[in-house]
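Peer 1: Input coords28.cif, format and content: mmCIF, C-alpha atoms.
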data_coords
#
loop_
_atom_site.label_atom_id
_atom_site.label_comp_id
_atom_site.auth_asym_id
_atom_site.auth_seq_id
_atom_site.Cartn_x
_atom_site.Cartn_y
_atom_site.Cartn_z
CA MET A 26 -4.49 -44.10 89.29
CA SER A 27 -1.21 -45.13 87.74
CA ALA A 28 1.11 -42.45 86.39
CA PRO A 29 1.36 -42.27 82.63
CA ASP A 30 4.29 -44.02 81.06
CA GLU A 31 6.92 -41.47 80.11
CA ARG A 32 8.59 -43.97 77.86
CA TRP A 33 7.53 -44.42 74.28
CA ASN A 34 5.40 -47.50 73.63
CA PRO A 35 6.86 -49.52 70.71
CA ASP A 36 3.29 -50.51 69.76
CA ASP A 37 2.78 -46.88 68.70
CA GLY A 38 5.53 -47.05 66.08
CA PRO A 39 9.14 -45.91 66.08
CA PRO A 40 10.14 -43.35 68.72
CA PRO A 41 9.35 -39.79 67.58
CA THR A 42 12.03 -37.28 66.76
CA ASP A 43 12.04 -33.86 68.37
CA GLU A 44 10.85 -32.42 65.11
CA GLU A 45 7.87 -34.78 65.05
CA ARG A 46 7.04 -33.95 68.65
CA ALA A 47 7.06 -30.25 67.81
CA GLU A 48 4.81 -30.78 64.81
CA ALA A 49 2.44 -32.93 66.91
CA ALA A 50 2.24 -30.17 69.49
CA ARG A 51 1.40 -27.61 66.77
CA LEU A 52 -1.34 -29.91 65.48
CA SER A 53 -2.76 -30.33 68.96
CA ASP A 54 -2.84 -26.56 69.33
CA ALA A 55 -4.39 -26.03 65.88
CA LEU A 56 -7.20 -28.46 66.67
CA THR A 57 -8.36 -26.22 69.50
CA ARG A 58 -8.40 -23.03 67.39
CA PRO A 59 -11.25 -21.99 65.10
CA ALA A 60 -9.00 -20.67 62.33
CA ALA A 61 -7.24 -23.14 60.07
CA PRO A 62 -3.42 -23.03 60.15
CA ASP A 63 -1.45 -21.56 57.26
CA ASP A 64 1.10 -24.38 57.12
CA PRO A 65 -0.18 -26.64 54.28
CA ALA A 66 0.90 -29.90 55.93
CA LEU A 67 -0.70 -28.97 59.22
CA ARG A 68 -3.76 -27.69 57.43
CA GLU A 69 -4.26 -31.07 55.74
CA LEU A 70 -4.24 -32.89 59.06
CA VAL A 71 -6.58 -30.37 60.64
CA ALA A 72 -8.88 -30.83 57.66
CA VAL A 73 -8.92 -34.60 58.21
CA ALA A 74 -9.75 -34.12 61.88
CA GLN A 75 -12.50 -31.66 61.07
CA ARG A 76 -13.94 -33.92 58.40
CA ILE A 77 -14.35 -36.60 61.04
CA HIS A 78 -15.85 -34.14 63.47
CA ALA A 79 -18.24 -32.68 60.90
CA THR A 80 -19.38 -36.17 59.96
CA ALA A 81 -19.88 -37.42 63.48
CA HIS A 82 -21.00 -34.20 65.17
CA PRO A 83 -22.74 -31.92 62.69
CA ASP A 84 -23.27 -28.46 64.11
CA ARG A 85 -26.59 -27.86 62.43
CA ASP A 86 -27.09 -24.30 63.62
CA ALA A 87 -23.67 -23.18 62.41
CA GLN A 88 -24.12 -25.03 59.12
CA ARG A 89 -27.55 -23.49 58.57
CA ALA A 90 -26.14 -20.02 59.22
CA VAL A 91 -23.36 -20.57 56.69
CA VAL A 92 -25.73 -21.89 54.02
CA ASP A 93 -28.25 -19.10 54.50
CA ARG A 94 -25.53 -16.47 54.27
CA VAL A 95 -23.94 -17.97 51.17
CA THR A 96 -27.29 -18.50 49.44
CA ARG A 97 -28.23 -14.87 50.04
CA GLU A 98 -24.88 -13.68 48.70
CA VAL A 99 -25.09 -15.87 45.64
CA LEU A 100 -28.62 -14.84 44.78
CA ALA A 101 -27.72 -11.19 45.21
CA ALA A 102 -24.62 -11.50 43.06
CA ALA A 103 -25.74 -13.86 40.33
CA ARG A 104 -28.08 -13.22 37.49
CA PRO A 105 -29.28 -16.45 35.97
CA THR A 106 -28.37 -17.03 32.35
CA ALA A 107 -31.24 -18.52 30.44
CA SER A 108 -30.37 -20.03 27.08
CA PRO A 109 -31.06 -17.64 24.17
CA VAL A 110 -33.32 -20.13 22.40
CA ARG A 111 -35.26 -20.76 25.57
CA THR A 112 -35.65 -17.04 26.17
CA ILE A 113 -36.89 -16.41 22.64
CA VAL A 114 -39.35 -19.28 22.82
CA ARG A 115 -40.56 -18.17 26.22
CA ARG A 116 -41.13 -14.57 25.17
CA ALA A 117 -42.38 -15.11 21.63
CA TRP A 118 -44.79 -17.98 21.97
CA PRO A 119 -47.91 -15.86 22.71
CA PHE A 120 -47.28 -13.81 19.58
CA ALA A 121 -46.66 -16.91 17.49
CA VAL A 122 -49.91 -18.50 18.70
CA ALA A 123 -51.87 -15.30 18.03
CA ALA A 124 -50.43 -14.97 14.51
CA ALA A 125 -51.21 -18.58 13.72
CA ALA A 126 -54.79 -18.15 14.96
CA VAL A 127 -55.33 -15.05 12.81
CA LEU A 128 -53.98 -16.89 9.77
CA VAL A 129 -56.23 -19.92 10.29
CA VAL A 130 -59.35 -17.80 10.86
CA GLY A 131 -58.58 -15.59 7.87
CA VAL A 132 -58.14 -18.50 5.50
CA SER A 133 -61.26 -20.25 6.79
CA VAL A 134 -63.49 -17.16 6.48
CA GLY A 135 -62.06 -16.26 3.10
CA ARG A 136 -62.86 -19.66 1.71
CA ALA A 137 -66.27 -19.95 3.34
CA ARG A 138 -67.67 -16.53 2.20
CA PRO A 139 -67.19 -15.73 -1.47
CA ASP A 140 -67.85 -12.14 -2.64
CA ARG A 141 -71.60 -12.10 -3.30
CA ASP A 142 -71.57 -8.73 -5.10
CA ARG A 143 -69.34 -9.97 -7.88
CA PRO A 144 -70.88 -12.40 -10.42
CA GLU A 145 -69.18 -15.67 -10.47
CA ALA A 146 -66.94 -15.87 -13.50
CA SER A 147 -67.11 -18.98 -15.58
CA ILE A 148 -63.98 -20.42 -16.98
CA SER A 149 -65.89 -22.06 -19.85
CA ARG A 150 -67.75 -20.59 -22.81
CA ASP A 151 -70.66 -21.90 -24.70
CA VAL A 152 -69.08 -22.99 -27.95
CA ASP A 153 -72.32 -22.60 -29.92
CA ASP A 154 -72.73 -18.97 -28.76
CA VAL A 155 -69.36 -18.12 -30.02
CA LEU A 156 -69.88 -19.81 -33.32
CA ARG A 157 -73.31 -18.26 -33.91
CA THR A 158 -72.17 -14.70 -33.39
CA PRO A 159 -71.66 -13.13 -36.80
CA VAL A 160 -68.21 -12.03 -37.61
CA ARG A 161 -68.13 -8.34 -38.45
CA PRO A 162 -65.18 -6.45 -39.79
CA GLY A 163 -63.99 -4.08 -37.13
CA ALA A 164 -62.29 -0.75 -37.31
CA ALA A 165 -59.02 -2.46 -37.67
CA SER A 166 -60.20 -4.61 -40.54
CA ALA A 167 -57.59 -5.08 -43.13
CA PRO A 168 -57.50 -7.19 -46.25
CA ALA A 169 -55.77 -9.99 -44.38
CA ALA A 170 -58.38 -9.82 -41.66
CA ARG A 171 -61.18 -9.86 -44.18
CA VAL A 172 -59.71 -12.98 -45.81
CA TYR A 173 -59.48 -14.60 -42.41
CA ASP A 174 -63.05 -13.56 -41.61
CA ALA A 175 -64.28 -15.04 -44.84
CA ARG A 176 -62.54 -18.35 -44.11
CA LEU A 177 -63.80 -18.42 -40.58
CA THR A 178 -67.36 -17.67 -41.76
CA ALA A 179 -67.20 -20.48 -44.28
CA TRP A 180 -65.86 -22.90 -41.73
CA ARG A 181 -68.53 -21.94 -39.22
CA GLU A 182 -71.37 -22.41 -41.73
CA ALA A 183 -70.02 -25.79 -42.66
CA TYR A 184 -69.75 -26.74 -39.02
CA LEU A 185 -73.32 -25.64 -38.26
CA ARG A 186 -74.63 -27.64 -41.15
CA GLY A 187 -72.98 -30.62 -39.61
CA GLY A 188 -70.80 -31.17 -42.58
CA SER A 189 -67.10 -31.24 -42.99
CA ARG A 190 -64.92 -28.39 -43.95
CA MET B 22 -43.63 -41.12 33.11
CA VAL B 23 -46.01 -39.86 35.79
CA LEU B 24 -44.21 -37.77 38.40
CA SER B 25 -45.08 -37.74 42.07
CA ALA B 26 -46.41 -34.45 43.38
CA PRO B 27 -43.08 -33.41 45.00
CA ALA B 28 -41.17 -34.37 41.87
CA ALA B 29 -43.61 -32.46 39.66
CA GLU B 30 -43.25 -29.45 41.94
CA GLU B 31 -39.46 -29.67 41.77
CA LYS B 32 -39.58 -30.00 37.98
CA ALA B 33 -41.79 -26.92 37.76
CA LEU B 34 -39.37 -25.03 40.01
CA VAL B 35 -36.44 -26.05 37.82
CA GLU B 36 -38.24 -24.91 34.67
CA ALA B 37 -39.15 -21.58 36.23
CA ALA B 38 -35.57 -21.16 37.44
CA GLN B 39 -34.26 -21.95 33.96
CA ALA B 40 -36.55 -19.27 32.60
CA GLY B 41 -34.82 -16.77 34.90
CA ASP B 42 -37.28 -16.67 37.80
CA VAL B 43 -35.07 -15.64 40.74
CA GLU B 44 -37.67 -16.64 43.32
CA ALA B 45 -37.77 -20.14 41.86
CA ILE B 46 -33.98 -20.30 42.06
CA ARG B 47 -34.11 -19.23 45.69
CA LEU B 48 -36.68 -21.92 46.53
CA LEU B 49 -34.66 -24.54 44.68
CA LEU B 50 -31.42 -23.64 46.44
CA ASP B 51 -33.15 -23.44 49.82
CA ARG B 52 -34.29 -26.99 49.32
CA VAL B 53 -30.88 -28.50 48.60
CA SER B 54 -28.13 -26.18 49.85
CA ARG B 55 -28.11 -27.30 53.47
CA PRO B 56 -27.61 -31.01 52.85
CA LEU B 57 -25.18 -30.12 50.08
CA TYR B 58 -23.00 -28.16 52.49
CA ALA B 59 -23.47 -30.20 55.66
CA ALA B 60 -23.49 -33.72 54.23
CA VAL B 61 -21.57 -33.49 50.97
CA ILE B 62 -19.02 -30.67 51.05
CA LEU B 63 -18.06 -30.29 54.70
CA PRO B 64 -17.45 -34.01 55.39
CA ARG B 65 -15.13 -34.05 52.37
CA ILE B 66 -13.26 -30.84 53.09
CA GLY B 67 -13.24 -30.42 56.86
CA ILE B 68 -12.14 -26.80 57.08
CA ALA B 69 -15.35 -24.80 57.40
CA ALA B 70 -14.01 -21.71 55.63
CA ASP B 71 -12.88 -23.77 52.62
CA ALA B 72 -16.18 -25.63 52.56
CA GLU B 73 -18.03 -22.31 52.57
CA ASP B 74 -16.00 -21.12 49.56
CA ILE B 75 -16.80 -24.34 47.73
CA LEU B 76 -20.49 -24.01 48.50
CA ARG B 77 -20.46 -20.45 47.15
CA GLU B 78 -18.65 -21.44 43.98
CA THR B 79 -20.94 -24.44 43.50
CA LEU B 80 -24.10 -22.37 43.76
CA LEU B 81 -22.75 -19.69 41.45
CA ARG B 82 -21.78 -22.25 38.84
CA ALA B 83 -25.12 -24.00 39.20
CA ILE B 84 -26.98 -20.76 38.52
CA ASP B 85 -24.69 -19.93 35.64
CA ARG B 86 -25.21 -23.34 34.04
CA LEU B 87 -28.81 -23.86 34.98
CA HIS B 88 -29.89 -23.78 31.34
CA THR B 89 -27.77 -26.89 30.67
CA PHE B 90 -29.63 -28.98 33.23
CA HIS B 91 -31.88 -31.64 31.76
CA TRP B 92 -34.53 -33.16 33.93
CA THR B 93 -34.09 -36.79 34.95
CA GLY B 94 -36.00 -38.89 37.40
CA ALA B 95 -33.32 -38.26 40.01
CA GLY B 96 -34.14 -34.57 40.18
CA PHE B 97 -32.00 -31.50 40.78
CA PHE B 98 -29.83 -32.58 43.73
CA PRO B 99 -27.59 -35.15 41.97
CA TRP B 100 -26.71 -32.56 39.32
CA LEU B 101 -25.80 -30.01 41.97
CA ARG B 102 -23.92 -32.66 43.94
CA GLN B 103 -21.80 -33.46 40.92
CA ILE B 104 -20.88 -29.79 40.49
CA ALA B 105 -19.93 -29.71 44.17
CA ILE B 106 -17.74 -32.80 43.88
CA HIS B 107 -15.89 -31.23 40.93
CA GLN B 108 -15.35 -28.13 43.04
CA VAL B 109 -13.98 -30.33 45.81
CA ILE B 110 -11.56 -31.91 43.30
CA ASP B 111 -10.35 -28.47 42.22
CA HIS B 112 -9.86 -27.53 45.86
CA VAL B 113 -7.89 -30.69 46.60
CA ARG B 114 -5.68 -30.02 43.58
CA ARG B 115 -4.94 -26.54 44.84
CA VAL B 116 -4.21 -27.27 48.47
CA GLN B 117 -3.06 -30.86 48.79
CA ARG B 118 0.26 -32.29 47.80
CA ARG B 119 -0.93 -35.81 47.31
CA THR B 120 -2.94 -36.86 44.30
CA ARG B 121 -4.52 -39.98 45.72
CA LEU B 122 -7.57 -38.12 46.97
CA GLU B 123 -7.97 -36.40 43.62
CA GLU B 124 -8.30 -39.76 41.92
CA ARG B 125 -10.92 -40.85 44.38
CA PHE B 126 -12.86 -37.65 43.92
CA GLU B 127 -12.71 -38.04 40.16
CA ARG B 128 -14.04 -41.57 40.40
CA GLN B 129 -16.86 -40.31 42.56
CA ALA B 130 -17.69 -37.48 40.21
CA ALA B 131 -17.86 -39.88 37.30
CA ASP B 132 -19.88 -42.36 39.30
CA VAL B 133 -23.39 -41.01 39.00
CA MET B 134 -25.40 -42.89 41.54
CA PRO B 135 -28.56 -41.05 42.41
CA LEU B 136 -29.33 -41.68 46.03
CA HIS B 137 -32.47 -39.66 46.07
CA HIS B 138 -35.64 -39.44 44.09
CA ALA B 139 -36.74 -36.18 42.56
CA GLY B 140 -38.52 -33.95 45.03
CA ALA B 141 -36.92 -35.68 48.04
CA GLU B 142 -37.18 -33.77 51.30
CA GLU B 143 -34.11 -31.97 52.62
CA ALA B 144 -34.04 -34.24 55.68
CA LEU B 145 -34.00 -37.39 53.55
CA ILE B 146 -31.19 -36.10 51.34
CA ASP B 147 -29.22 -35.10 54.43
CA GLN B 148 -29.82 -38.44 56.11
CA GLN B 149 -28.74 -40.49 53.09
CA GLU B 150 -25.68 -38.40 52.32
CA ARG B 151 -24.63 -38.45 55.95
CA ALA B 152 -25.02 -42.23 56.12
CA LEU B 153 -22.65 -42.43 53.17
CA SER B 154 -20.10 -40.19 54.88
CA LEU B 155 -20.30 -42.20 58.10
CA LYS B 156 -19.79 -45.42 56.20
CA THR B 157 -16.75 -43.98 54.40
CA MET B 158 -15.33 -42.76 57.68
CA SER B 159 -15.93 -46.12 59.32
CA ILE B 160 -14.13 -47.97 56.51
CA ALA B 161 -11.17 -45.59 56.78
CA MET B 162 -11.02 -45.97 60.56
CA ASP B 163 -11.06 -49.74 60.27
CA ALA B 164 -7.85 -49.53 58.23
CA LEU B 165 -5.94 -48.00 61.18
CA ASN B 166 -4.18 -49.89 63.90
CA ASP B 167 -6.02 -50.15 67.20
CA ARG B 168 -4.08 -47.47 69.10
CA TYR B 169 -4.44 -44.91 66.33
CA ARG B 170 -8.14 -45.66 65.97
CA GLN B 171 -8.58 -45.32 69.71
CA ALA B 172 -6.82 -41.94 69.76
CA ILE B 173 -9.08 -40.56 67.03
CA THR B 174 -12.20 -42.04 68.55
CA LEU B 175 -11.50 -40.59 71.98
CA ARG B 176 -10.41 -37.14 70.84
CA LEU B 177 -12.60 -36.44 67.80
CA LEU B 178 -15.63 -38.71 68.00
CA GLU B 179 -16.11 -38.73 71.76
CA GLU B 180 -14.72 -35.19 72.08
CA ARG B 181 -12.73 -35.98 75.21
CA SER B 182 -10.01 -33.65 76.47
CA ARG B 183 -6.37 -34.32 75.68
CA GLU B 184 -5.80 -35.24 79.32
CA GLU B 185 -8.58 -37.83 79.31
CA CYS B 186 -7.33 -39.27 76.02
CA ALA B 187 -3.76 -39.53 77.28
CA GLU B 188 -4.95 -41.18 80.45
CA ALA B 189 -7.11 -43.65 78.55
CA LEU B 190 -4.13 -44.65 76.43
CA GLY B 191 -1.77 -44.67 79.42
CA VAL B 192 0.68 -42.19 77.91
CA THR B 193 1.89 -38.64 78.56
CA LEU B 194 0.22 -35.65 76.90
CA GLY B 195 3.22 -35.22 74.59
CA ASN B 196 3.13 -38.84 73.53
CA PHE B 197 -0.62 -38.67 72.97
CA ASP B 198 -0.09 -35.69 70.65
CA VAL B 199 2.39 -37.75 68.63
CA ILE B 200 -0.02 -40.71 68.45
CA LEU B 201 -2.88 -38.48 67.31
CA HIS B 202 -0.61 -36.80 64.74
CA ARG B 203 0.40 -40.17 63.32
CA ALA B 204 -3.18 -41.41 63.43
CA LEU B 205 -4.45 -38.45 61.41
CA ALA B 206 -1.61 -38.79 58.91
CA ALA B 207 -2.50 -42.46 58.46
CA LEU B 208 -6.19 -41.64 58.19
CA ARG B 209 -5.53 -38.98 55.57
CA LYS B 210 -4.23 -41.73 53.29
CA ALA B 211 -7.11 -44.06 53.99
CA TYR B 212 -9.92 -41.53 54.14
CA GLY B 213 -11.39 -41.18 50.71
CA VAL B 214 -14.70 -39.65 50.03
CA ARG B 215 -17.83 -40.91 48.50
#
Please, can you express the file's structure as structure tokens?

Peer 2:
Amino acid sequence: MSAPDERWNPDDGPPPTDEERAEAARLSDALTRPAAPDDPALRELVAVAQRIHATAHPDRDAQRAVVDRVTREVLAAARPTASPVRTIVRRAWPFAVAAAAVLVVGVSVGRARPDRDRPEASISRDVDDVLRTPVRPGAASAPAARVYDARLTAWREAYLRGGSR
Amino acid sequence: MVLSAPAAEEKALVEAAQAGDVEAIRLLLDRVSRPLYAAVILPRIGIAADAEDILRETLLRAIDRLHTFHWTGAGFFPWLRQIAIHQVIDHVRRVQRRTRLEERFERQAADVMPLHHAGAEEALIDQQERALSLKTMSIAMDALNDRYRQAITLRLLEERSREECAEALGVTLGNFDVILHRALAALRKAYGVR
């Protein structure tokens, strides 16, 4: 086995500075640790590396554990917010249906069963009956009423004879 | 439109959850949370602790806004996925200096492309989302020069030790660290998400 080349290969870009070497060493170290580094620049590179790893080598057991834990926490902490309209509709619809049913039945029964004990009132009168009834002065008869009665009697007699006024 | 049995079941779960049924919410989240975390959030964030925070915030927001969800043929997952992507954008804005990734995330959030049908099984969602992540990763890797790509492949995809990687590249450990550092910095620019 040949020894590794200590010299920098120009194909890998410009020679690194000491600062770059130190940063590369910190990255190499961070990639072997479970906790993410605090340094934002280093953290970004670790994130890229872990994105690749998570895509290519999903740790399904660890992922399942995380999801189960988070889901439990969320369900314990959160109370779902249903929309007010939805809530009202959901809670009130049985009452609305019942009220509508009572209204429909009530109207139907009311129309189908008239009150048999009360005689049916007619909105019309027999004209002849009215005209044949004699006009009698009442307790409140007054001269003006008697004049009116006399005129009405005359008119009625003329009408019954079939003549004109 | 006639729904398939799984889609009808999912729709019924969503309606019950919207009415405040906590058990329905639990069943709904159980169905989609694992692929959401493993195949959507984690491959876009990398750091497990950050991804866990994003998952938590996504689920909380989803529950809080459940009444705004309107059923479509794509089902519940794409809606939740979009919330997650927005959370990822917020995270990137907080922790990253560059804005290029933000723009990509925003494009992705606006690009509603349902991959899954309503009522899709967890395994199918996971498989399709993961295929998308692998494709994105592959495109980003192809943009690197050969030596950088080789360093990442050996160390992160094949999970070889630093010593093996350095030997494969014919360089010292210190030089390998520099190559990997440069490779990841280059990949960070090329590695968008989808």

Peer 1: Please evaluate the PyMOL selection byres ((chain B and resi 39) around 6) against the structure above and give the resulting residues as a PyMOL selection string.

Peer 2: (chain A and resi 107) or (chain B and resi 36-38+40-41+87-88)

Peer 1: What gap, in Å, lies between atom CA of A:Ala90 and atom CA of B:Leu76?

Peer 2: 12.8 Å

Peer 1: Using all atoms listed in the file, can you tell me which of B:Glu78, B:Asp198, B:Asp147, B:Asp167 comes closest to chain A?

Peer 2: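 Closest to chain A of all the choices is B:Asp198.
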
Peer 1: Could you give me, as a short mmCIF file (atom, residue, chain, number, x, y, z; two decimals) with C-alpha atoms, in the frame of the given file, the residues within 10 Å of A:Asn34, counting all atoms listed in the file and dropping anything in the same chain fewer than 3 positions from it?

Peer 2:
data_model
loop_
_atom_site.label_atom_id
_atom_site.label_comp_id
_atom_site.auth_asym_id
_atom_site.auth_seq_id
_atom_site.Cartn_x
_atom_site.Cartn_y
_atom_site.Cartn_z
CA ASP A 30 4.29 -44.02 81.06
CA GLU A 31 6.92 -41.47 80.11
CA ASP A 37 2.78 -46.88 68.70
CA GLY A 38 5.53 -47.05 66.08
CA PRO A 39 9.14 -45.91 66.08
CA PRO A 40 10.14 -43.35 68.72
CA GLY B 191 -1.77 -44.67 79.42
CA VAL B 192 0.68 -42.19 77.91
CA ASN B 196 3.13 -38.84 73.53
#

Peer 1: Please compute the atom CA of B:Glu73-atom CA of B:Leu153 distance, one decimal, in Å.

Peer 2: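 Interatomic distance, atom CA of B:Glu73 to atom CA of B:Leu153: 20.7 Å.
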
Peer 1: When you count all atoms listed in the file, which of these residues is closest to A:Ala72: B:Ala172, B:Ile106, B:Val113, B:Leu81?

Peer 2: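 Among the listed residues, B:Val113 lies closest to A:Ala72.
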
Peer 1: Please determine, counting all atoms listed in the file, which residue among A:Val130, A:Ala79, A:Ala101, A:Ala55 has the shortest atom-to-atom distance to chain B.

Peer 2: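 Of A:Val130, A:Ala79, A:Ala101, A:Ala55, the one nearest chain B, counting all atoms listed in the file, is A:Ala79.
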
Peer 1: Nearest residue to A:Ala60 out of B:Asp51, B:Asp71, B:Asp85, B:Glu44, using only C-alpha atoms?

Peer 2: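 That would be B:Asp71, the residue with the smallest distance to A:Ala60.
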
Peer 1: Run the PyMOL selection byres ((chain B and resi 23-34) around 10) on the file and write out the hits as a PDB file with C-alpha atoms, in the coordinates of the input.

Peer 2:
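Full text of expr27.pdb as output:
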ATOM      1  CA  MET B  22     -43.630 -41.120  33.110  1.00  0.00           C
ATOM      2  CA  VAL B  35     -36.440 -26.050  37.820  1.00  0.00           C
ATOM      3  CA  GLU B  36     -38.240 -24.910  34.670  1.00  0.00           C
ATOM      4  CA  ALA B  37     -39.150 -21.580  36.230  1.00  0.00           C
ATOM      5  CA  ALA B  38     -35.570 -21.160  37.440  1.00  0.00           C
ATOM      6  CA  GLN B  39     -34.260 -21.950  33.960  1.00  0.00           C
ATOM      7  CA  ALA B  40     -36.550 -19.270  32.600  1.00  0.00           C
ATOM      8  CA  ASP B  42     -37.280 -16.670  37.800  1.00  0.00           C
ATOM      9  CA  GLU B  44     -37.670 -16.640  43.320  1.00  0.00           C
ATOM     10  CA  ALA B  45     -37.770 -20.140  41.860  1.00  0.00           C
ATOM     11  CA  ILE B  46     -33.980 -20.300  42.060  1.00  0.00           C
ATOM     12  CA  ARG B  47     -34.110 -19.230  45.690  1.00  0.00           C
ATOM     13  CA  LEU B  48     -36.680 -21.920  46.530  1.00  0.00           C
ATOM     14  CA  LEU B  49     -34.660 -24.540  44.680  1.00  0.00           C
ATOM     15  CA  ARG B  52     -34.290 -26.990  49.320  1.00  0.00           C
ATOM     16  CA  TRP B  92     -34.530 -33.160  33.930  1.00  0.00           C
ATOM     17  CA  THR B  93     -34.090 -36.790  34.950  1.00  0.00           C
ATOM     18  CA  GLY B  94     -36.000 -38.890  37.400  1.00  0.00           C
ATOM     19  CA  ALA B  95     -33.320 -38.260  40.010  1.00  0.00           C
ATOM     20  CA  GLY B  96     -34.140 -34.570  40.180  1.00  0.00           C
ATOM     21  CA  PHE B  97     -32.000 -31.500  40.780  1.00  0.00           C
ATOM     22  CA  HIS B 138     -35.640 -39.440  44.090  1.00  0.00           C
ATOM     23  CA  ALA B 139     -36.740 -36.180  42.560  1.00  0.00           C
ATOM     24  CA  GLY B 140     -38.520 -33.950  45.030  1.00  0.00           C
ATOM     25  CA  ALA B 141     -36.920 -35.680  48.040  1.00  0.00           C
ATOM     26  CA  GLU B 142     -37.180 -33.770  51.300  1.00  0.00           C
TER      27      GLU B 142
END
